[in-house]
Amino acid sequence: MYPKDARRGTNDLALLYRLRQAIRSVVFYILLLLWKLRPKSRRRKIETAPLDWREEDLVNLFRKGNNVFGSVKYDRMGQITDKTLVKSCSPYEVHAIAEAMNLVASQTDIHIPRVQKAVVTPEGFGLLVTDFIPGAKQLGEIWRDMSWWEKLKVALTLREYIDSMRKIQYPHSNRIGNPFNMPPDPIEGLQFSNRGGPRAGSSKQKLASFFRSYRSRLGRRVKRLPRSLFDTLVFTHNDLNMRNILVDENGTLWIVDWDWAGFLPPWFEYYAARSAALKDMEEEDWFETVPLIIQPFPEVDAWMHQCGFHIKPSPFVRRDIE
């Protein structure tokens, strides 16, 4: 096949791919409208009263908890009663994480573990005490064995969760990151690829300048992201991978691990979910489900690839953004 014929074949394939994606999106949107008309069930709660944990009790559990928390200082968790979980995290962020979870619980019907307590120990550990979800499994453990109908319900429920998250309001929602993070730390996420972003509470303009400066940082020509992508901030989980989506014994979806949550541009949620699916080598049908759950931004995929991030753009992304 001559190069000209090869290009024509690739263009035809790209057209078919986009047509397929458009049909899937339209059908999914119609199903979503019907899904939202169903009778809403009340948010399921763990049937237990929160225990009045004393700080010294939690410290003692932590000291004895090598088998529970492991040897890593942060991001270890353990079940300390049949319905109570303790997670260790940064002492500078534990209260901000707890407040962000409470904000989600107060303004949405998303199923998230109830926060019981957040403390900083004298040793400098942040301990977040939440409800433990009995019988819950990570979505990645059971996705392959799910029927097409069960997968569709997961996608519709997650899309509803995303839509409700984006309606969350807070007085400082025009500033980036977790509004409760004091003193403000750099915001984190897969978008920064271990570089670390601007500090929480910074302006949208500073975030836009941070990303648009990659052109000069990497020392090569990279098409800058349009500033319009930073005009809007919405509440974002920012780490929506299959490990952070739990399915309990009743089929209820729970969202956990809100450490990177905050007010961020809408494309952050999409990039984080898609990047995690690639990084974790998840099932192909989950990777294709992500653009249905979250509004896709293929131009951001292509831009990240140019900047040297690990994510690869779709071969069918428009050429004018390269």
# chains A, B, ... in the order shown; residues from 1 in each chain; ligands from 1
call {"tool": "closest_atom_pairs", "arguments": {"of": "region 177-247 of chain A", "to": "region 96-102 of chain A", "cutoff": "10 Å", "atoms": "only C-alpha atoms", "output": "tab-separated table"}}
result
residue	atom	partner	partner_atom	distance
A:Asn178	CA	A:Ala96	CA	7.0
A:Pro179	CA	A:Ala96	CA	7.8
A:Phe180	CA	A:Ala96	CA	4.7
A:Asn181	CA	A:Ala96	CA	5.0
A:Met182	CA	A:Ala96	CA	7.5
A:Pro183	CA	A:Ala96	CA	9.9
A:Pro184	CA	A:Ala96	CA	9.8
A:Phe235	CA	A:Ala100	CA	9.7
A:His237	CA	A:Ala100	CA	9.8
call {"tool": "closest_atom_pairs", "arguments": {"of": "region 116-141 of chain A", "to": "region 74-92 of chain A", "cutoff": "7 Å", "atoms": "only C-alpha atoms", "output": "Markdown table"}}
result
| residue | atom | partner | partner_atom | distance |
| --- | --- | --- | --- | --- |
| A:Val120 | CA | A:Pro91 | CA | 5.6 |
| A:Gly124 | CA | A:Pro91 | CA | 6.2 |
| A:Phe125 | CA | A:Pro91 | CA | 5.4 |
| A:Gly126 | CA | A:Pro91 | CA | 4.0 |
| A:Leu127 | CA | A:Ser88 | CA | 4.6 |
| A:Leu128 | CA | A:Lys87 | CA | 5.1 |
| A:Val129 | CA | A:Val86 | CA | 4.5 |
| A:Thr130 | CA | A:Leu85 | CA | 5.3 |
| A:Asp131 | CA | A:Thr84 | CA | 4.7 |
| A:Phe132 | CA | A:Lys83 | CA | 4.5 |
| A:Ile133 | CA | A:Lys83 | CA | 6.7 |
| A:Pro134 | CA | A:Lys83 | CA | 6.9 |
call {"tool": "atom_distance", "arguments": {"atom1": "CA of Leu246 (chain A)", "atom2": "CA of Tyr170 (chain A)"}}
result
26.8 Å
call {"tool": "select_by_dssp", "arguments": {"residues": "region 119-260 of chain A", "states": "strand (DSSP E)", "output": "list in words"}}
result
Val119, Val120, Gly126, Leu127, Leu128, Val129, Thr130, Asp131, Lys137, Gln138, Val234, Phe235, Thr236, Ile245, Leu246, Val247, Leu253, Trp254 and Ile255 of chain A
call {"tool": "write_last_selection", "arguments": {"atoms": "C-alpha atoms", "output": "compact mmCIF listing (two decimals), in the first residue's frame"}}
result
# COMPACT_ATOMS: atom_id res chain seq x y z
CA VAL A 119 -6.05 13.43 64.87
CA VAL A 120 -2.36 14.21 64.73
CA GLY A 126 -2.05 11.93 60.92
CA LEU A 127 -4.74 9.33 61.71
CA LEU A 128 -8.09 9.37 59.93
CA VAL A 129 -10.76 7.21 61.57
CA THR A 130 -13.69 6.24 59.33
CA ASP A 131 -16.38 3.60 59.03
CA LYS A 137 -14.37 -5.39 47.31
CA GLN A 138 -12.37 -3.17 45.00
CA VAL A 234 -15.44 21.91 40.01
CA PHE A 235 -15.12 19.61 43.00
CA THR A 236 -12.99 16.69 41.89
CA ILE A 245 -14.21 2.32 43.98
CA LEU A 246 -15.65 -0.31 46.33
CA VAL A 247 -18.66 -2.55 45.79
CA LEU A 253 -20.75 1.72 45.09
CA TRP A 254 -18.55 3.50 47.61
CA ILE A 255 -15.83 6.05 46.80
call {"tool": "residues_around", "arguments": {"residues": "Ser173 (chain A)", "least_positions_apart": "6", "cutoff": "12 Å", "atoms": "only C-alpha atoms", "output": "JSON, numbers by chain"}}
result
{"A": [100, 103, 166, 167, 179, 180, 200, 201, 202, 203, 204, 232, 233, 234, 235, 236, 262, 263, 264, 265]}
call {"tool": "write_last_selection", "arguments": {"atoms": "all heavy atoms", "output": "short mmCIF file (atom, residue, chain, number, x, y, z; two decimals), in the first residue's frame"}}
result
data_model
loop_
_atom_site.label_atom_id
_atom_site.label_comp_id
_atom_site.auth_asym_id
_atom_site.auth_seq_id
_atom_site.Cartn_x
_atom_site.Cartn_y
_atom_site.Cartn_z
N ALA A 100 -13.01 17.68 53.67
CA ALA A 100 -13.44 17.50 52.28
C ALA A 100 -14.45 16.36 52.19
O ALA A 100 -15.46 16.46 51.47
CB ALA A 100 -12.23 17.21 51.39
N LEU A 103 -17.72 17.56 53.47
CA LEU A 103 -18.36 18.43 52.49
C LEU A 103 -19.11 17.61 51.44
O LEU A 103 -20.26 17.93 51.10
CB LEU A 103 -17.30 19.30 51.82
CG LEU A 103 -17.81 20.31 50.77
CD1 LEU A 103 -18.69 21.37 51.42
CD2 LEU A 103 -16.63 20.96 50.05
N ARG A 166 -19.86 17.82 40.96
CA ARG A 166 -19.61 19.08 40.28
C ARG A 166 -20.60 20.18 40.67
O ARG A 166 -20.42 21.33 40.27
CB ARG A 166 -19.59 18.86 38.77
CG ARG A 166 -18.41 17.98 38.36
CD ARG A 166 -18.24 17.83 36.88
NE ARG A 166 -16.97 17.16 36.61
CZ ARG A 166 -16.49 16.93 35.40
NH1 ARG A 166 -17.17 17.33 34.34
NH2 ARG A 166 -15.33 16.31 35.24
N LYS A 167 -21.59 19.82 41.46
CA LYS A 167 -22.55 20.81 41.95
C LYS A 167 -22.21 21.29 43.36
O LYS A 167 -22.89 22.15 43.91
CB LYS A 167 -23.96 20.22 41.94
CG LYS A 167 -24.47 19.88 40.53
CD LYS A 167 -25.84 19.23 40.59
CE LYS A 167 -26.33 18.85 39.20
NZ LYS A 167 -27.63 18.13 39.25
N PRO A 179 -9.94 23.35 49.86
CA PRO A 179 -10.05 24.65 50.53
C PRO A 179 -9.77 24.59 52.01
O PRO A 179 -9.62 25.64 52.66
CB PRO A 179 -11.51 25.05 50.26
CG PRO A 179 -12.23 23.75 50.07
CD PRO A 179 -11.24 22.84 49.40
N PHE A 180 -9.70 23.37 52.58
CA PHE A 180 -9.46 23.23 54.02
C PHE A 180 -7.99 23.02 54.34
O PHE A 180 -7.63 22.83 55.49
CB PHE A 180 -10.27 22.05 54.57
CG PHE A 180 -11.74 22.14 54.27
CD1 PHE A 180 -12.30 21.40 53.24
CD2 PHE A 180 -12.58 22.98 54.99
CE1 PHE A 180 -13.65 21.47 52.95
CE2 PHE A 180 -13.92 23.07 54.71
CZ PHE A 180 -14.47 22.31 53.68
N ALA A 200 -2.35 24.76 47.27
CA ALA A 200 -3.80 24.87 47.42
C ALA A 200 -4.15 26.29 47.80
O ALA A 200 -3.46 26.92 48.61
CB ALA A 200 -4.28 23.88 48.48
N GLY A 201 -5.24 26.79 47.21
CA GLY A 201 -5.64 28.17 47.46
C GLY A 201 -5.13 29.15 46.44
O GLY A 201 -5.50 30.33 46.47
N SER A 202 -4.28 28.66 45.51
CA SER A 202 -3.79 29.54 44.45
C SER A 202 -4.92 29.84 43.46
O SER A 202 -5.96 29.18 43.45
CB SER A 202 -2.61 28.89 43.72
OG SER A 202 -1.53 28.65 44.60
N SER A 203 -4.69 30.79 42.61
CA SER A 203 -5.71 31.20 41.64
C SER A 203 -5.72 30.28 40.43
O SER A 203 -4.75 29.54 40.17
CB SER A 203 -5.44 32.63 41.17
OG SER A 203 -4.22 32.69 40.44
N LYS A 204 -6.82 30.35 39.68
CA LYS A 204 -6.92 29.59 38.43
C LYS A 204 -5.85 30.04 37.45
O LYS A 204 -5.30 29.24 36.69
CB LYS A 204 -8.32 29.78 37.82
CG LYS A 204 -9.44 29.18 38.63
CD LYS A 204 -10.78 29.39 37.98
CE LYS A 204 -11.23 30.84 38.08
NZ LYS A 204 -12.62 31.02 37.58
N THR A 232 -13.04 27.17 34.60
CA THR A 232 -14.03 26.62 35.53
C THR A 232 -13.36 25.67 36.52
O THR A 232 -12.49 24.88 36.13
CB THR A 232 -15.12 25.86 34.76
OG1 THR A 232 -15.71 26.73 33.80
CG2 THR A 232 -16.20 25.34 35.71
N LEU A 233 -13.75 25.75 37.77
CA LEU A 233 -13.30 24.81 38.79
C LEU A 233 -14.51 24.05 39.33
O LEU A 233 -15.55 24.65 39.60
CB LEU A 233 -12.59 25.52 39.94
CG LEU A 233 -11.32 26.31 39.62
CD1 LEU A 233 -10.76 26.94 40.89
CD2 LEU A 233 -10.28 25.43 38.95
N VAL A 234 -14.37 22.74 39.45
CA VAL A 234 -15.44 21.91 40.01
C VAL A 234 -14.82 20.99 41.06
O VAL A 234 -13.62 20.70 41.03
CB VAL A 234 -16.14 21.07 38.92
CG1 VAL A 234 -16.89 21.95 37.94
CG2 VAL A 234 -15.13 20.18 38.17
N PHE A 235 -15.65 20.52 41.99
CA PHE A 235 -15.12 19.61 43.00
C PHE A 235 -14.77 18.29 42.33
O PHE A 235 -15.57 17.71 41.59
CB PHE A 235 -16.11 19.39 44.14
CG PHE A 235 -15.46 18.75 45.34
CD1 PHE A 235 -14.84 19.53 46.30
CD2 PHE A 235 -15.45 17.37 45.50
CE1 PHE A 235 -14.22 18.96 47.39
CE2 PHE A 235 -14.83 16.79 46.59
CZ PHE A 235 -14.22 17.59 47.54
N THR A 236 -13.57 17.81 42.61
CA THR A 236 -12.99 16.69 41.89
C THR A 236 -12.39 15.69 42.88
O THR A 236 -11.69 16.09 43.81
CB THR A 236 -11.88 17.20 40.94
OG1 THR A 236 -12.43 18.19 40.07
CG2 THR A 236 -11.26 16.09 40.14
N GLY A 262 -10.46 18.17 45.65
CA GLY A 262 -10.50 19.62 45.78
C GLY A 262 -11.15 20.24 44.55
O GLY A 262 -11.67 19.53 43.68
N PHE A 263 -11.12 21.54 44.48
CA PHE A 263 -11.70 22.27 43.35
C PHE A 263 -10.64 22.43 42.27
O PHE A 263 -9.62 23.10 42.47
CB PHE A 263 -12.24 23.62 43.81
CG PHE A 263 -13.46 23.49 44.66
CD1 PHE A 263 -13.36 23.46 46.05
CD2 PHE A 263 -14.72 23.38 44.08
CE1 PHE A 263 -14.49 23.32 46.85
CE2 PHE A 263 -15.86 23.24 44.86
CZ PHE A 263 -15.74 23.20 46.25
N LEU A 264 -10.90 21.80 41.11
CA LEU A 264 -9.93 21.72 40.03
C LEU A 264 -10.65 21.82 38.68
O LEU A 264 -11.87 21.64 38.62
CB LEU A 264 -9.15 20.41 40.11
CG LEU A 264 -8.31 20.22 41.39
CD1 LEU A 264 -7.95 18.75 41.58
CD2 LEU A 264 -7.06 21.08 41.35
N PRO A 265 -9.93 22.07 37.59
CA PRO A 265 -10.59 22.10 36.27
C PRO A 265 -11.24 20.76 35.95
O PRO A 265 -10.74 19.71 36.38
CB PRO A 265 -9.42 22.39 35.32
CG PRO A 265 -8.40 23.10 36.15
CD PRO A 265 -8.52 22.47 37.52
#
call {"tool": "select_by_dssp", "arguments": {"residues": "region 187-316 of chain A", "states": "helix (DSSP H, G or I)", "output": "PyMOL selection string"}}
result
chain A and resi 190-192+204-212+214-217+227-230+267-279+284-293+298-306
call {"tool": "closest_residue", "arguments": {"among": "A:Ala118, A:Ile168, A:Leu31, A:Ile293", "to": "Trp149 (chain A)", "atoms": "only C-alpha atoms"}}
result
A:Leu31
call {"tool": "atom_distance", "arguments": {"atom1": "CA of Ala261 (chain A)", "atom2": "CA of Ile176 (chain A)"}}
result
10.3 Å
call {"tool": "closest_residue", "arguments": {"among": "A:Met304, A:Val27, A:Val154, A:Leu34", "to": "Gln191 (chain A)", "atoms": "only C-alpha atoms"}}
result
A:Met304
call {"tool": "closest_residue", "arguments": {"among": "A:Asp239, A:Tyr29, A:Leu229, A:Arg144", "to": "Glu284 (chain A)", "atoms": "only C-alpha atoms"}}
result
A:Arg144
call {"tool": "atom_distance", "arguments": {"atom1": "CA of Pro296 (chain A)", "atom2": "CA of Ile162 (chain A)"}}
result
12.9 Å
call {"tool": "closest_atom_pairs", "arguments": {"of": "region 78-161 of chain A", "to": "region 35-40 of chain A", "cutoff": "12 Å", "atoms": "only C-alpha atoms", "output": "CSV"}}
result
residue,atom,partner,partner_atom,distance
A:Asp109,CA,A:Lys40,CA,9.6
A:Ile110,CA,A:Lys40,CA,11.9
A:Leu152,CA,A:Trp35,CA,10.6
A:Lys153,CA,A:Trp35,CA,8.9
A:Val154,CA,A:Trp35,CA,11.5
A:Ala155,CA,A:Trp35,CA,10.9
A:Leu156,CA,A:Trp35,CA,7.2
A:Thr157,CA,A:Trp35,CA,8.6
A:Leu158,CA,A:Trp35,CA,11.7
A:Arg159,CA,A:Lys36,CA,10.4
A:Glu160,CA,A:Lys36,CA,7.9
A:Tyr161,CA,A:Lys36,CA,11.2
call {"tool": "closest_residue", "arguments": {"among": "A:Val26, A:Ala105, A:Leu19, A:Leu58", "to": "Lys117 (chain A)", "atoms": "only C-alpha atoms"}}
result
A:Leu58
call {"tool": "closest_residue", "arguments": {"among": "A:Phe192, A:Trp258, A:Phe268, A:Trp286", "to": "Val104 (chain A)", "atoms": "only C-alpha atoms"}}
result
A:Trp258
